[in-house]
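As structure tokens, the structure follows; a few thoughts come after it.
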Amino acid sequence: MSILVDKNTRLIVQGITGRDGAFHAKAMKEYGTQVVGGVTPGKGGQFVEGLPVFDSVEDAVKKTGANASIIFVPASFATDAMYECVASGLDLVVCISEGMPTMDMVKVLDYAKGTKTRILGPNCPGVISPGRAKVGIMPAASFKPGCVGVVSRSGTLTYEVASQTAEFGQSTVVGIGGDPVIGTNFIDCLKMFNADLETKAIVVVGEIGGTDEERAAEWVKANCRKPVLGFIAGQTAPPGKRMGHAGAIISGGSGTAPEKVKAFEAAGITVVYEPAEIGPKLKARL
Amino acid sequence: MKIHEYQAKEIFVAYGIPVPRERVASKPAEAAALARELGMQVVIKAQVLVGGRGKAGGVKKVESPDQVEAVAGSILGMDIKGLKVNKVLVSECVDIKGETYVGIIVDRATRAPVLMASSAGGVEIEEVARTTPEKILKVPIDPAAGLLGFQARNVGMALYGDAKLARAFAGIAQKLYRIFVEKDCSLIEINPLVKLGDGSLLALDAKINFDDNADFRHKEWEEMRDLSAEEPTEVEAKAAGLTYIKLSGNVGCVVNGAGLAMATMDLIKRYGGEPANFLDVGGSSSPEKMVTAMRIILSDPNVKAILINIFGGITRCDDIATGLLQAQKQADIKVPLIARLTGTNAEKAREILKGSAVTPADTMADAVKKAVALAGGAK
């Protein structure tokens, strides 16, 4: 087993005719993901990397039976791309695009509420269930099948952390994205990992800002039956320059690395202070 | 992106939110002329993109008309938390009978905008939020329906206990929300929103931060930007698609991804060094980006070594390696370079760097140890 993606994932690539879309469509297909086509409005009928291109998601779903999409279009078009996926009833939408206006995401997630569509991202590296399916931009060689579930707010730091769990391999590695408003959060992933029979331990990779890590810690304390390791990036980052009054109010002054570490410790999460500690500390808890 | 109070108030006026009679000036004589035009007692307010200007002496009530020039002169050019005051607002003195706080922000936890208000308005609002959060009213806003009239009126009733004031408050709050959405704000605040002697409400101050991610649909922001408040190297970096924040240490770093960049800084510190900067080269990096990144880091004379930590995904390690060699050729780099390149096209990158003066490293920890040592060792 694994979470979010597996051998049954039938993927379309939105923005397949662009440089990044084409590059990663090929890479995902080579990895073994069932990539069934691509979408670029106005370029239907073409082929990229041997994959049929459609004008709309609806059309692609009808002709290929796709159940998931990965989005590579620029931020100014990504909102529409996500709406289209929700309207077409896809199970999973992975938005790689970065630079999405926050209110655009708020509206998309509001639109998706109550539907079957789960949105991952935006501004994320995607998700990989090693040996089964890769729906993302991560370098495949850094991952191998195994029993550790990884969930992370970062992109490249996720690869670094996953590579430190090589001894055990990974069930699934999920990059949820570093934006303030995201479709899938830590708790969503922790719930899935907790229920996944193959996952024996979970690594949570957090960052400063917001209170997602604190809420994840509370959830772990109350519900999680598996060992959890936690890492927080930004221990030495200077106080956020962007924080205005309203930001400080909404977070009640939280969001710093020491607070998150404290929340992790209080929840029984093993805190690691550098990536190289992950392997040994995982061993101690497995 | 932050904008000045006077700029935010121009937006308020366009949306019909009442503000004091006031004008902006950049010279003392100009301020005096504006005060004469207004023909009433005035307050001179420093226009600076940082909080706490009042406590720093940047807001002064002028007792008599012939003192306006001198007071404006004392505030213009003032240094407030490292930022120079280039403009002042000459604003009418109003008869304040009460101060409240109102603001809108997106709440990350509920993924929805939230209207915040407090009858404990004024300069200590952050303190209020920290010590007595129950004094801040929070109303979630439905993204599809917007801020509803009754929601805003209910908040107004809670603040003032008066139906007429509640309606006036609701009008202002709904206009604020329209601005928040239409102008793509990440934060909009009135602190304080004052009640006047005649029972009307007025935005005495205004604060707007724009959501930088929405700049593609707001060409007008470029003209509103105050470059004097920004670190020139940070501006140059942004134009090149990089995120750079200058710090005070001596180990420069070039990393792809904000999380890995922070983790790299953390590790430098953990091994006894001090990072000179945060630099995220972003995804889809090109050799040109790398050249710019190196130039920006080297413009900081404190930098004694540069650590390049790349875990390739969308970023291709060969692009980074090519850029590194180009930068070396163009700039005659004297400080040691330590590169750890892994992930997409890492093999190609190793080939490109073979025989160059770049010190290779296998792991992040190895790279950081080497960089700290080459920068002069741990403290």
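Here, A, B, ... name the chains of the structure tokens in the order displayed, residue numbers run from 1 inside each chain, and ligands are numbered from 1 in the same displayed order.
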Quick one: residues within 7 Å of Val13 (chain A), only C-alpha atoms counted, chain neighbours fewer than 4 positions away excluded, as a list in words?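 Here the qualifying residues turn out to be Gly21, Ala25, Gly37, Gly38, Val39, Ser69, Ile70 and Ile71 of chain A.
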C-alpha atoms of the current selection, written as a PDB file, in the first residue's frame:
```pdb
ATOM      1  CA  GLY A  21       5.629  19.945 -18.467  1.00  0.00           C
ATOM      2  CA  ALA A  25       5.854  14.054 -18.354  1.00  0.00           C
ATOM      3  CA  GLY A  37      -2.155  12.233 -21.771  1.00  0.00           C
ATOM      4  CA  GLY A  38      -1.783  15.966 -21.483  1.00  0.00           C
ATOM      5  CA  VAL A  39      -3.874  19.113 -21.693  1.00  0.00           C
ATOM      6  CA  SER A  69      -3.696  15.608 -12.907  1.00  0.00           C
ATOM      7  CA  ILE A  70      -0.432  17.425 -12.418  1.00  0.00           C
ATOM      8  CA  ILE A  71      -0.283  21.145 -13.235  1.00  0.00           C
TER       9      ILE A  71
END
```
7 Å contacts from chain B to chain A using only C-alpha atoms, as a PyMOL selection string: chain B and resi 103+105+107-108+111-112+126+129-130+143+187+211+213-214+256-257+259-260+262-263+265-267+311-314+343-344
Excluding same-chain residues fewer than 3 positions from region 86-93 of chain B, what lies within 6 Å of it counting only C-alpha atoms, as a PyMOL selection string? chain B and resi 21-26+41-47+76
Apply DSSP to the backbone of this structure and, from region 47-243 of chain A, keep only the residues in strand (DSSP E); write these as a ChimeraX atom specification. /A:47-48,51-54,68-71,92-95,118-120,126-129,133-136,145-152,170-175,201-207,228-233
Give me, please, the distance in Å between CA of Ala206 (chain B) and CA of Ala8 (chain B), quoted to one decimal. 5.8 Å
Taking 3 positions as the minimum chain separation for residues in the same chain, which residues sit within 8 Å of Ala371 (chain B) when counting only C-alpha atoms? Answer as a list in words.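 My list of contacting residues is Val251, Ala305, Ile306, Leu307, Leu337, Ile338, Ala367, Val368, Leu374 and Ala375 of chain B.
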Export C-alpha atoms of the chosen residues as a PDB file, in the first residue's frame?
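Printed below is out_9.pdb as written:
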```pdb
ATOM      1  CA  VAL B 251      29.543  32.003   4.653  1.00  0.00           C
ATOM      2  CA  ALA B 305      33.509  31.374   1.243  1.00  0.00           C
ATOM      3  CA  ILE B 306      30.518  30.402  -0.843  1.00  0.00           C
ATOM      4  CA  LEU B 307      28.613  27.196  -0.366  1.00  0.00           C
ATOM      5  CA  LEU B 337      33.682  27.815  -3.644  1.00  0.00           C
ATOM      6  CA  ILE B 338      32.293  24.603  -2.204  1.00  0.00           C
ATOM      7  CA  ALA B 367      29.781  20.737   2.308  1.00  0.00           C
ATOM      8  CA  VAL B 368      28.863  22.857   5.322  1.00  0.00           C
ATOM      9  CA  LEU B 374      37.406  27.656   4.477  1.00  0.00           C
ATOM     10  CA  ALA B 375      35.657  30.806   5.708  1.00  0.00           C
TER      11      ALA B 375
END
```
How many Å lie between CA of Leu196 (chain B) and CA of Ala170 (chain B), rounded to one decimal?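 CA of Ala170 (chain B) lies at a distance of 16.6 Å from CA of Leu196 (chain B).
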With distances taken over only C-alpha atoms, which of B:Phe180, B:Gly171, B:Thr131, B:Ala145 is nearest to Val106 (chain B)?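 When distances to Val106 (chain B) are compared using only C-alpha atoms, the smallest one comes from B:Phe180.
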